[in-house]
$ cat my_file_15.pdb   # PDB, C-alpha atoms and all ligand atoms
ATOM      1  CA  VAL A   1      -5.746   5.070 -35.288
ATOM      2  CA  GLU A   2      -2.551   6.020 -33.426
ATOM      3  CA  LEU A   3      -1.417   4.839 -29.981
ATOM      4  CA  SER A   4       0.973   6.649 -27.634
ATOM      5  CA  PHE A   5       1.712   6.263 -23.945
ATOM      6  CA  GLU A   6       3.452   7.905 -21.000
ATOM      7  CA  ARG A   7       4.476   6.825 -17.487
ATOM      8  CA  VAL A   8       2.938   8.816 -14.635
ATOM      9  CA  GLU A   9       3.545   8.764 -10.866
ATOM     10  CA  LEU A  10       0.529   9.414  -8.654
ATOM     11  CA  GLY A  11       1.313  10.803  -5.174
ATOM     12  CA  LEU A  12      -0.622   9.502  -2.156
ATOM     13  CA  ARG A  13      -2.164  11.317   0.821
ATOM     14  CA  GLU A  14      -0.930   8.476   3.085
ATOM     15  CA  PRO A  15       1.192   5.345   2.420
ATOM     16  CA  PHE A  16      -1.030   2.496   1.146
ATOM     17  CA  ARG A  17      -0.319  -0.691   3.071
ATOM     18  CA  ILE A  18      -1.812  -4.165   2.555
ATOM     19  CA  ALA A  19      -0.660  -7.600   3.710
ATOM     20  CA  ARG A  20       1.685  -7.925   0.699
ATOM     21  CA  GLY A  21       3.528  -4.641   1.267
ATOM     22  CA  VAL A  22       3.425  -0.852   1.237
ATOM     23  CA  GLN A  23       3.242   1.656  -1.617
ATOM     24  CA  HIS A  24       4.265   5.318  -1.285
ATOM     25  CA  ARG A  25       3.076   6.228  -4.786
ATOM     26  CA  PHE A  26       1.127   4.568  -7.572
ATOM     27  CA  GLU A  27       2.963   4.099 -10.875
ATOM     28  CA  VAL A  28       0.628   4.025 -13.879
ATOM     29  CA  VAL A  29       0.909   4.328 -17.655
ATOM     30  CA  GLU A  30      -1.414   6.696 -19.532
ATOM     31  CA  VAL A  31      -2.508   5.526 -22.977
ATOM     32  CA  ALA A  32      -3.738   7.885 -25.713
ATOM     33  CA  ILE A  33      -5.448   6.645 -28.885
ATOM     34  CA  THR A  34      -6.132   9.193 -31.617
ATOM     35  CA  SER A  35      -8.452   8.981 -34.606
ATOM     36  CA  GLY A  36      -8.740  12.162 -36.680
ATOM     37  CA  ARG A  37      -9.254  15.102 -34.320
ATOM     38  CA  HIS A  38     -10.401  13.022 -31.327
ATOM     39  CA  THR A  39      -8.203  11.355 -28.698
ATOM     40  CA  GLY A  40      -9.318   8.763 -26.164
ATOM     41  CA  PHE A  41      -7.415   8.123 -22.928
ATOM     42  CA  GLY A  42      -6.991   5.136 -20.642
ATOM     43  CA  GLU A  43      -4.839   4.269 -17.640
ATOM     44  CA  ALA A  44      -2.862   1.075 -17.068
ATOM     45  CA  THR A  45      -2.471   0.186 -13.374
ATOM     46  CA  PRO A  46      -0.124  -2.800 -13.251
ATOM     47  CA  ASP A  47       0.005  -4.945 -10.105
ATOM     48  CA  ALA A  48       3.102  -6.965  -9.250
ATOM     49  CA  ARG A  49       0.778  -9.636  -7.763
ATOM     50  CA  PHE A  50      -0.230 -10.429 -11.349
ATOM     51  CA  GLY A  51       3.294 -10.240 -12.769
ATOM     52  CA  GLN A  52       2.900  -6.751 -14.204
ATOM     53  CA  ASP A  53       4.758  -3.476 -13.687
ATOM     54  CA  PRO A  54       5.191  -0.259 -15.710
ATOM     55  CA  ASP A  55       8.037  -1.853 -17.707
ATOM     56  CA  THR A  56       5.948  -4.844 -18.811
ATOM     57  CA  VAL A  57       3.041  -2.520 -19.666
ATOM     58  CA  CYS A  58       5.244  -0.280 -21.806
ATOM     59  CA  ALA A  59       6.841  -3.298 -23.504
ATOM     60  CA  TYR A  60       3.369  -4.585 -24.381
ATOM     61  CA  LEU A  61       2.166  -1.179 -25.607
ATOM     62  CA  ASP A  62       5.256  -0.938 -27.850
ATOM     63  CA  ARG A  63       4.060  -4.085 -29.620
ATOM     64  CA  ALA A  64       0.301  -3.410 -29.527
ATOM     65  CA  GLY A  65      -0.073  -0.374 -31.808
ATOM     66  CA  ASP A  66      -0.520  -2.359 -35.014
ATOM     67  CA  ALA A  67      -3.347  -4.412 -33.441
ATOM     68  CA  LEU A  68      -5.637  -1.381 -33.317
ATOM     69  CA  GLY A  69      -6.395  -1.342 -37.052
ATOM     70  CA  HIS A  70      -8.504   1.430 -38.598
ATOM     71  CA  ASP A  71     -11.920   1.114 -36.892
ATOM     72  CA  PRO A  72     -11.987   1.990 -33.147
ATOM     73  CA  PHE A  73     -15.593   0.703 -32.897
ATOM     74  CA  ALA A  74     -14.534  -2.849 -33.879
ATOM     75  CA  LEU A  75     -13.802  -3.689 -30.238
ATOM     76  CA  ASP A  76     -14.158  -7.471 -30.444
ATOM     77  CA  ALA A  77     -11.840  -7.663 -33.449
ATOM     78  CA  ILE A  78      -9.305  -5.372 -31.758
ATOM     79  CA  HIS A  79      -9.381  -7.473 -28.564
ATOM     80  CA  ALA A  80      -8.804 -10.629 -30.607
ATOM     81  CA  ARG A  81      -5.726  -9.031 -32.207
ATOM     82  CA  LEU A  82      -4.494  -7.755 -28.798
ATOM     83  CA  ALA A  83      -4.817 -11.264 -27.362
ATOM     84  CA  ALA A  84      -2.644 -12.542 -30.205
ATOM     85  CA  VAL A  85       0.076 -10.078 -29.110
ATOM     86  CA  GLY A  86       0.048 -11.746 -25.643
ATOM     87  CA  GLY A  87      -1.248 -11.194 -22.095
ATOM     88  CA  GLN A  88      -0.788  -8.006 -19.990
ATOM     89  CA  SER A  89      -4.290  -7.334 -18.721
ATOM     90  CA  ALA A  90      -3.496  -3.901 -17.267
ATOM     91  CA  ALA A  91      -2.194  -2.658 -20.623
ATOM     92  CA  VAL A  92      -5.125  -4.203 -22.497
ATOM     93  CA  ALA A  93      -7.525  -2.574 -20.009
ATOM     94  CA  ALA A  94      -5.939   0.814 -20.708
ATOM     95  CA  ILE A  95      -6.329   0.323 -24.462
ATOM     96  CA  ASP A  96      -9.936  -0.820 -23.953
ATOM     97  CA  ALA A  97     -10.690   2.268 -21.831
ATOM     98  CA  ALA A  98      -9.042   4.598 -24.349
ATOM     99  CA  LEU A  99     -11.066   3.029 -27.176
ATOM    100  CA  HIS A 100     -14.306   3.461 -25.204
ATOM    101  CA  ASP A 101     -13.335   7.094 -24.478
ATOM    102  CA  LEU A 102     -12.543   7.645 -28.163
ATOM    103  CA  CYS A 103     -15.750   5.978 -29.407
ATOM    104  CA  GLY A 104     -17.821   8.048 -26.982
ATOM    105  CA  LYS A 105     -16.149  11.239 -28.204
ATOM    106  CA  LEU A 106     -16.653  10.248 -31.857
ATOM    107  CA  ALA A 107     -20.345   9.485 -31.167
ATOM    108  CA  GLY A 108     -20.833  12.517 -28.891
ATOM    109  CA  VAL A 109     -22.122  10.446 -25.946
ATOM    110  CA  SER A 110     -20.808   9.285 -22.592
ATOM    111  CA  VAL A 111     -19.543   5.712 -22.229
ATOM    112  CA  THR A 112     -22.422   5.156 -19.796
ATOM    113  CA  ARG A 113     -24.890   5.947 -22.600
ATOM    114  CA  LEU A 114     -22.813   4.083 -25.181
ATOM    115  CA  LEU A 115     -23.178   0.928 -23.036
ATOM    116  CA  GLY A 116     -26.823   1.597 -22.182
ATOM    117  CA  VAL A 117     -26.190   1.297 -18.441
ATOM    118  CA  SER A 118     -27.348   3.494 -15.579
ATOM    119  CA  ALA A 119     -25.232   6.364 -14.240
ATOM    120  CA  ASP A 120     -26.476   5.524 -10.739
ATOM    121  CA  ALA A 121     -24.177   3.222  -8.776
ATOM    122  CA  PRO A 122     -23.913   2.016  -5.174
ATOM    123  CA  ALA A 123     -21.772   4.053  -2.776
ATOM    124  CA  THR A 124     -18.055   3.261  -2.888
ATOM    125  CA  ALA A 125     -16.094   1.820  -0.017
ATOM    126  CA  PHE A 126     -12.994   3.711   1.119
ATOM    127  CA  THR A 127      -9.884   1.672   1.950
ATOM    128  CA  ILE A 128      -8.166   1.843   5.349
ATOM    129  CA  SER A 129      -4.573   0.597   5.115
ATOM    130  CA  LEU A 130      -3.289  -2.275   7.257
ATOM    131  CA  ASP A 131      -1.698  -0.874  10.426
ATOM    132  CA  GLU A 132      -1.817  -1.200  14.219
ATOM    133  CA  PRO A 133      -5.416  -1.280  15.548
ATOM    134  CA  ASP A 134      -5.313   2.232  17.038
ATOM    135  CA  ALA A 135      -3.750   3.690  13.900
ATOM    136  CA  MET A 136      -6.505   2.133  11.787
ATOM    137  CA  ALA A 137      -9.143   3.657  14.075
ATOM    138  CA  ARG A 138      -7.525   7.102  13.656
ATOM    139  CA  SER A 139      -7.426   6.566   9.899
ATOM    140  CA  ALA A 140     -11.123   5.604   9.928
ATOM    141  CA  GLU A 141     -11.915   8.811  11.813
ATOM    142  CA  ARG A 142     -10.028  10.876   9.227
ATOM    143  CA  ALA A 143     -11.906   9.090   6.426
ATOM    144  CA  ALA A 144     -15.275   9.677   8.086
ATOM    145  CA  SER A 145     -14.428  13.368   8.456
ATOM    146  CA  ARG A 146     -13.941  13.465   4.658
ATOM    147  CA  GLY A 147     -17.440  12.051   4.120
ATOM    148  CA  MET A 148     -16.490   8.386   3.662
ATOM    149  CA  ASP A 149     -19.337   6.417   5.202
ATOM    150  CA  ARG A 150     -18.450   2.897   3.996
ATOM    151  CA  LEU A 151     -15.011   1.465   4.825
ATOM    152  CA  LYS A 152     -12.913  -1.480   3.635
ATOM    153  CA  LEU A 153     -10.301  -2.501   6.186
ATOM    154  CA  LYS A 154      -7.124  -4.164   4.989
ATOM    155  CA  LEU A 155      -6.336  -7.167   7.211
ATOM    156  CA  GLY A 156      -3.926 -10.086   7.145
ATOM    157  CA  GLY A 157      -1.372  -8.712   9.628
ATOM    158  CA  GLY A 158      -0.195 -12.209  10.561
ATOM    159  CA  ASP A 159       0.085 -11.088  14.212
ATOM    160  CA  GLY A 160      -3.211 -12.281  15.697
ATOM    161  CA  LEU A 161      -4.521  -8.695  15.825
ATOM    162  CA  ASP A 162      -6.951  -8.700  12.894
ATOM    163  CA  THR A 163     -10.044  -8.936  15.118
ATOM    164  CA  ALA A 164      -8.621  -6.147  17.302
ATOM    165  CA  ARG A 165      -8.169  -4.015  14.176
ATOM    166  CA  VAL A 166     -11.827  -4.343  13.269
ATOM    167  CA  ALA A 167     -12.931  -3.825  16.878
ATOM    168  CA  ALA A 168     -10.848  -0.632  17.126
ATOM    169  CA  VAL A 169     -12.446   0.775  13.979
ATOM    170  CA  ARG A 170     -15.911  -0.363  15.100
ATOM    171  CA  GLY A 171     -15.342   1.656  18.265
ATOM    172  CA  VAL A 172     -15.245   4.899  16.250
ATOM    173  CA  PHE A 173     -17.285   4.075  13.133
ATOM    174  CA  THR A 174     -20.861   2.794  12.899
ATOM    175  CA  GLY A 175     -21.251   2.589   9.096
ATOM    176  CA  PRO A 176     -20.902  -0.415   6.775
ATOM    177  CA  LEU A 177     -17.583  -2.256   7.116
ATOM    178  CA  GLN A 178     -15.987  -4.855   4.871
ATOM    179  CA  VAL A 179     -12.557  -6.454   5.199
ATOM    180  CA  ASP A 180      -9.944  -7.584   2.665
ATOM    181  CA  VAL A 181      -7.325 -10.120   3.789
ATOM    182  CA  ASN A 182      -5.382 -10.188   0.479
ATOM    183  CA  GLU A 183      -4.710 -13.958   0.735
ATOM    184  CA  HIS A 184      -3.079 -13.838   4.188
ATOM    185  CA  TRP A 185      -5.162 -16.260   6.293
ATOM    186  CA  ASP A 186      -5.134 -20.048   6.353
ATOM    187  CA  LEU A 187      -8.279 -22.089   7.042
ATOM    188  CA  PRO A 188      -7.887 -22.221  10.868
ATOM    189  CA  GLU A 189      -7.326 -18.456  11.159
ATOM    190  CA  ALA A 190     -10.284 -17.799   8.837
ATOM    191  CA  LEU A 191     -12.595 -20.092  10.799
ATOM    192  CA  ASP A 192     -11.454 -18.517  14.076
ATOM    193  CA  THR A 193     -11.677 -14.884  12.949
ATOM    194  CA  ILE A 194     -14.759 -14.740  10.727
ATOM    195  CA  PRO A 195     -17.314 -15.419  13.522
ATOM    196  CA  ARG A 196     -15.723 -12.625  15.580
ATOM    197  CA  LEU A 197     -15.992 -10.247  12.602
ATOM    198  CA  ALA A 198     -19.629 -11.262  12.129
ATOM    199  CA  GLY A 199     -20.165 -10.144  15.729
ATOM    200  CA  LEU A 200     -18.668  -6.757  14.797
ATOM    201  CA  ASP A 201     -21.225  -6.370  11.982
ATOM    202  CA  VAL A 202     -18.774  -6.816   9.093
ATOM    203  CA  GLU A 203     -20.620  -7.260   5.761
ATOM    204  CA  PHE A 204     -18.280  -9.722   4.040
ATOM    205  CA  VAL A 205     -14.698 -10.993   3.891
ATOM    206  CA  GLU A 206     -12.625 -10.536   0.748
ATOM    207  CA  GLN A 207      -9.997 -13.071  -0.339
ATOM    208  CA  PRO A 208      -9.262 -14.673   3.038
ATOM    209  CA  LEU A 209      -7.221 -17.568   1.605
ATOM    210  CA  PRO A 210      -4.449 -17.589  -0.996
ATOM    211  CA  ALA A 211      -5.806 -17.844  -4.550
ATOM    212  CA  GLY A 212      -6.219 -21.459  -5.590
ATOM    213  CA  HIS A 213      -6.115 -22.718  -1.976
ATOM    214  CA  ARG A 214      -7.480 -26.239  -1.597
ATOM    215  CA  ASP A 215      -9.705 -25.243   1.367
ATOM    216  CA  GLY A 216     -11.731 -22.617  -0.506
ATOM    217  CA  ALA A 217     -14.901 -24.713  -0.797
ATOM    218  CA  ALA A 218     -14.625 -25.845   2.838
ATOM    219  CA  LEU A 219     -14.377 -22.247   4.019
ATOM    220  CA  LYS A 220     -17.375 -21.154   1.940
ATOM    221  CA  ALA A 221     -19.425 -23.988   3.456
ATOM    222  CA  ARG A 222     -18.510 -23.086   7.045
ATOM    223  CA  ALA A 223     -18.087 -19.279   7.019
ATOM    224  CA  ASP A 224     -20.526 -17.115   8.979
ATOM    225  CA  LEU A 225     -20.028 -14.230   6.539
ATOM    226  CA  PRO A 226     -20.173 -14.065   2.736
ATOM    227  CA  VAL A 227     -16.786 -14.643   1.092
ATOM    228  CA  PHE A 228     -15.808 -12.528  -1.920
ATOM    229  CA  VAL A 229     -12.773 -13.413  -4.008
ATOM    230  CA  ASP A 230     -10.456 -10.968  -5.797
ATOM    231  CA  GLU A 231      -7.042 -12.524  -6.479
ATOM    232  CA  ASP A 232      -8.874 -15.784  -7.343
ATOM    233  CA  CYS A 233     -10.914 -14.078 -10.060
ATOM    234  CA  GLU A 234      -9.087 -12.353 -12.908
ATOM    235  CA  THR A 235     -11.156 -12.983 -16.057
ATOM    236  CA  LEU A 236     -14.387 -14.585 -17.285
ATOM    237  CA  ALA A 237     -12.636 -17.967 -17.371
ATOM    238  CA  ASP A 238     -12.307 -17.886 -13.547
ATOM    239  CA  VAL A 239     -15.917 -17.076 -12.643
ATOM    240  CA  ALA A 240     -17.462 -20.570 -12.683
ATOM    241  CA  ARG A 241     -14.722 -21.969 -10.419
ATOM    242  CA  CYS A 242     -15.215 -19.041  -8.032
ATOM    243  CA  ALA A 243     -18.858 -20.064  -7.519
ATOM    244  CA  GLU A 244     -17.539 -23.157  -5.731
ATOM    245  CA  ILE A 245     -15.371 -21.215  -3.280
ATOM    246  CA  ALA A 246     -17.122 -17.867  -2.823
ATOM    247  CA  ASN A 247     -20.414 -15.993  -2.560
ATOM    248  CA  GLY A 248     -19.218 -13.130  -4.738
ATOM    249  CA  ILE A 249     -16.404 -11.815  -6.937
ATOM    250  CA  ASN A 250     -14.433  -8.570  -7.082
ATOM    251  CA  ILE A 251     -14.016  -7.521 -10.719
ATOM    252  CA  LYS A 252     -11.248  -5.084 -11.665
ATOM    253  CA  LEU A 253     -10.665  -3.769 -15.177
ATOM    254  CA  ALA A 254      -6.886  -4.126 -14.764
ATOM    255  CA  LYS A 255      -7.266  -7.876 -14.139
ATOM    256  CA  ALA A 256     -10.053  -8.441 -16.659
ATOM    257  CA  GLY A 257      -8.489  -6.479 -19.527
ATOM    258  CA  GLY A 258     -11.150  -3.800 -19.739
ATOM    259  CA  ILE A 259     -14.810  -2.846 -19.705
ATOM    260  CA  ARG A 260     -16.009  -5.498 -22.174
ATOM    261  CA  GLU A 261     -14.592  -8.460 -20.248
ATOM    262  CA  ALA A 262     -15.774  -6.938 -16.948
ATOM    263  CA  VAL A 263     -19.373  -6.760 -18.204
ATOM    264  CA  ARG A 264     -19.197 -10.387 -19.349
ATOM    265  CA  MET A 265     -17.971 -11.343 -15.861
ATOM    266  CA  VAL A 266     -20.895  -9.521 -14.219
ATOM    267  CA  HIS A 267     -23.421 -11.510 -16.242
ATOM    268  CA  ALA A 268     -21.651 -14.831 -15.741
ATOM    269  CA  ALA A 269     -21.537 -14.191 -11.993
ATOM    270  CA  ARG A 270     -25.264 -13.360 -11.935
ATOM    271  CA  ALA A 271     -26.061 -16.580 -13.783
ATOM    272  CA  LEU A 272     -24.199 -18.487 -11.059
ATOM    273  CA  GLY A 273     -25.966 -16.637  -8.225
ATOM    274  CA  LEU A 274     -22.832 -14.749  -7.153
ATOM    275  CA  GLY A 275     -22.685 -11.272  -5.687
ATOM    276  CA  VAL A 276     -20.672  -8.773  -7.726
ATOM    277  CA  MET A 277     -18.283  -6.025  -6.705
ATOM    278  CA  VAL A 278     -16.187  -3.752  -8.912
ATOM    279  CA  GLY A 279     -12.849  -2.666  -7.472
ATOM    280  CA  CYS A 280      -9.752  -0.806  -8.562
ATOM    281  CA  MET A 281      -5.984  -0.720  -8.292
ATOM    282  CA  GLY A 282      -4.119   2.530  -7.558
ATOM    283  CA  GLU A 283      -5.811   4.761 -10.101
ATOM    284  CA  SER A 284      -6.452   8.404 -10.914
ATOM    285  CA  SER A 285      -9.897   9.646 -11.955
ATOM    286  CA  LEU A 286      -9.013   8.487 -15.493
ATOM    287  CA  GLY A 287      -8.890   4.856 -14.370
ATOM    288  CA  ILE A 288     -11.847   5.224 -12.007
ATOM    289  CA  ALA A 289     -14.006   6.734 -14.778
ATOM    290  CA  ALA A 290     -13.556   3.579 -16.875
ATOM    291  CA  ALA A 291     -14.871   1.381 -14.042
ATOM    292  CA  CYS A 292     -17.855   3.609 -13.212
ATOM    293  CA  PRO A 293     -20.087   2.277 -16.033
ATOM    294  CA  VAL A 294     -19.604  -1.236 -14.604
ATOM    295  CA  ALA A 295     -20.460  -0.053 -11.068
ATOM    296  CA  SER A 296     -24.167   0.349 -11.790
ATOM    297  CA  LEU A 297     -24.325  -3.410 -12.495
ATOM    298  CA  CYS A 298     -22.775  -4.323  -9.121
ATOM    299  CA  ASP A 299     -23.908  -4.876  -5.516
ATOM    300  CA  HIS A 300     -20.745  -3.420  -4.023
ATOM    301  CA  VAL A 301     -18.332  -0.784  -5.296
ATOM    302  CA  ASP A 302     -14.736  -0.181  -4.246
ATOM    303  CA  LEU A 303     -13.599   2.636  -6.520
ATOM    304  CA  ASP A 304     -11.506   4.828  -4.252
ATOM    305  CA  GLY A 305      -8.108   4.990  -6.008
ATOM    306  CA  ASN A 306      -8.485   8.663  -6.923
ATOM    307  CA  LEU A 307      -9.664   9.520  -3.383
ATOM    308  CA  LEU A 308      -6.328   8.240  -2.021
ATOM    309  CA  LEU A 309      -4.252  10.680  -4.104
ATOM    310  CA  SER A 310      -2.576  13.873  -2.914
ATOM    311  CA  ALA A 311      -3.050  15.333  -6.410
ATOM    312  CA  ASP A 312      -5.229  13.842  -9.142
ATOM    313  CA  PRO A 313      -4.023  14.679 -12.678
ATOM    314  CA  TRP A 314      -7.567  14.098 -14.022
ATOM    315  CA  ALA A 315     -10.916  15.704 -13.168
ATOM    316  CA  GLY A 316     -14.498  14.820 -14.038
ATOM    317  CA  VAL A 317     -15.452  12.136 -11.506
ATOM    318  CA  ALA A 318     -17.654  13.522  -8.729
ATOM    319  CA  PHE A 319     -17.807  11.937  -5.288
ATOM    320  CA  THR A 320     -21.532  12.451  -4.665
ATOM    321  CA  PRO A 321     -23.184  13.301  -1.312
ATOM    322  CA  ALA A 322     -24.535   9.726  -1.361
ATOM    323  CA  GLY A 323     -20.936   8.440  -1.551
ATOM    324  CA  ALA A 324     -20.980   7.234  -5.172
ATOM    325  CA  GLN A 325     -18.422   7.951  -7.886
ATOM    326  CA  ARG A 326     -20.109   9.621 -10.858
ATOM    327  CA  PRO A 327     -18.484  10.667 -14.173
ATOM    328  CA  SER A 328     -19.376  14.074 -15.577
ATOM    329  CA  GLY A 329     -21.545  12.858 -18.463
ATOM    330  CA  ARG A 330     -19.337  14.568 -21.056
ATOM    331  CA  PRO A 331     -18.653  12.458 -24.187
ATOM    332  CA  GLY A 332     -16.437   9.436 -23.619
ATOM    333  CA  LEU A 333     -15.253   8.667 -20.092
ATOM    334  CA  GLY A 334     -16.141  12.232 -19.082
ATOM    335  CA  VAL A 335     -12.749  13.178 -17.649
ATOM    336  CA  TRP A 336     -10.162  15.799 -18.566
ATOM    337  CA  ARG A 337      -6.541  16.440 -17.639
ATOM    338  CA  VAL A 338      -5.871  19.094 -14.994
ATOM    339  CA  GLY A 339      -2.221  18.553 -14.060
TER     340      GLY A 339
HETATM  341 MG    MG B 401      -8.943  -7.078  -2.824
END

$ encode --input "my_file_15.pdb" --output "structure tokens"
Amino acid sequence: VELSFERVELGLREPFRIARGVQHRFEVVEVAITSGRHTGFGEATPDARFGQDPDTVCAYLDRAGDALGHDPFALDAIHARLAAVGGQSAAVAAIDAALHDLCGKLAGVSVTRLLGVSADAPATAFTISLDEPDAMARSAERAASRGMDRLKLKLGGGDGLDTARVAAVRGVFTGPLQVDVNEHWDLPEALDTIPRLAGLDVEFVEQPLPAGHRDGAALKARADLPVFVDEDCETLADVARCAEIANGINIKLAKAGGIREAVRMVHAARALGLGVMVGCMGESSLGIAAACPVASLCDHVDLDGNLLLSADPWAGVAFTPAGAQRPSGRPGLGVWRVG
């Protein structure tokens, strides 16, 4: 089993802005794992918020090749060896995706069938970048004209305008709305803003407080809307603590380290009565395809990375008329390179 990798820049239709900063392109690392005449692919999407970038991913991948061994189906054993090489969840997630792609191709079945999950998933949300209220309303109109009927608004402007942002979008968009604050409120701003957002028919609030904030449980007890956490919830080890501060969790393969850990997190969250969402970083259809099998297990889906791109180097994920992301059903992840 041989591992190789390559850096790739993904161009965006519009700059992607959240409370932490703006991105003009997504920088990812493509991983290829070959066994005999089959090659599986995965995509590492490092996030500086979690101390990762393309350099740290490549440094990890340089050291990780020997951990793969000779049997790509021995996923638990491979993950144990990868853990011994050290952290780097985005890189591990890319290896995990490439192994699932490879195993599906070797077995002649899609990863969805390999895992025994449904191909049917809830509709995905589409992200509207943080901007002035009017600009976000125009962006929502452009998204709706592309068939996006479920929006996630990025908030946390720090300027007292977050309610105005949601109101401006609500003025032009009647579909389901959720908001993501990316850790940029404190307890007073959260308690002041959330009732106003409830009045604007927002479904839930994602990561209002900084991860690990001491007021998490107090906010959950007093909030008028469900609270989902993202930055607070990286791996299975975080899920039980999140039940104390949130009503749901946002699982991402790049935080979890791949499909296997993500599925464990879904079941742990269910046991604790939590809602479950699967999200993404800045990903092409290769990265999105790896998260799709997890989506059928979730209440909410935020897999829009490939929809934000000006050119997607991978094909095979369909955006369905119902607004869901659906892999082709070909063996493995069901995607192929086009650019
Ligand atoms: Mg988030």

$ closest_residue --input "my_file_15.pdb" --among "A:Ala97, A:Ala262, A:Val166, A:Leu274" --to "Ala290 in chain A" --atoms "all atoms listed in the file"
A:Ala97

$ atom_distance --input "my_file_15.pdb" --atom1 "CA of Gly273 in chain A" --atom2 "CA of Leu225 in chain A"
16.1 Å

$ residues_near_ligand --input "my_file_15.pdb" --ligand "ligand MG 401 (chain B)" --cutoff "8 Å" --atoms "all atoms listed in the file" --output "number ranges by chain"
A: 180-182, 206-207, 229-231, 250, 279

$ residues_near_point --input "my_file_15.pdb" --point "(7.6, -1.9, -12.7)" --cutoff "12 Å" --atoms "all atoms listed in the file" --output "VMD selection string"
chain A and resid 7 to 9 26 to 29 44 to 59

$ closest_atom_pairs --input "my_file_15.pdb" --of "range 99-141 of chain A" --to "range 72-79 of chain A" --cutoff "8 Å" --atoms "only C-alpha atoms" --output "CSV"
residue,atom,partner,partner_atom,distance
A:Leu99,CA,A:Pro72,CA,6.1
A:Leu102,CA,A:Pro72,CA,7.6
A:Cys103,CA,A:Phe73,CA,6.3

$ closest_residue --input "my_file_15.pdb" --among "A:Leu3, A:Val227, A:Ala64, A:Cys298" --to "Cys242 in chain A" --atoms "all atoms listed in the file"
A:Val227

$ decode --input "my_file_15.pdb" --residues "range 181-195 of chain A" --atoms "C-alpha atoms" --output "tab-separated table (two decimals), in the first residue's frame"
chain	number	residue	atom	x	y	z
A	181	VAL	CA	-21.11	32.87	15.30
A	182	ASN	CA	-17.70	31.11	15.20
A	183	GLU	CA	-16.99	31.86	18.90
A	184	HIS	CA	-17.48	35.64	18.64
A	185	TRP	CA	-20.18	36.42	21.23
A	186	ASP	CA	-19.91	36.65	25.01
A	187	LEU	CA	-22.78	35.65	27.31
A	188	PRO	CA	-24.48	39.10	27.41
A	189	GLU	CA	-24.44	39.48	23.61
A	190	ALA	CA	-25.74	35.91	23.21
A	191	LEU	CA	-28.57	36.44	25.69
A	192	ASP	CA	-29.47	39.75	24.03
A	193	THR	CA	-29.32	38.51	20.42
A	194	ILE	CA	-30.74	34.99	20.54
A	195	PRO	CA	-34.34	36.02	21.44
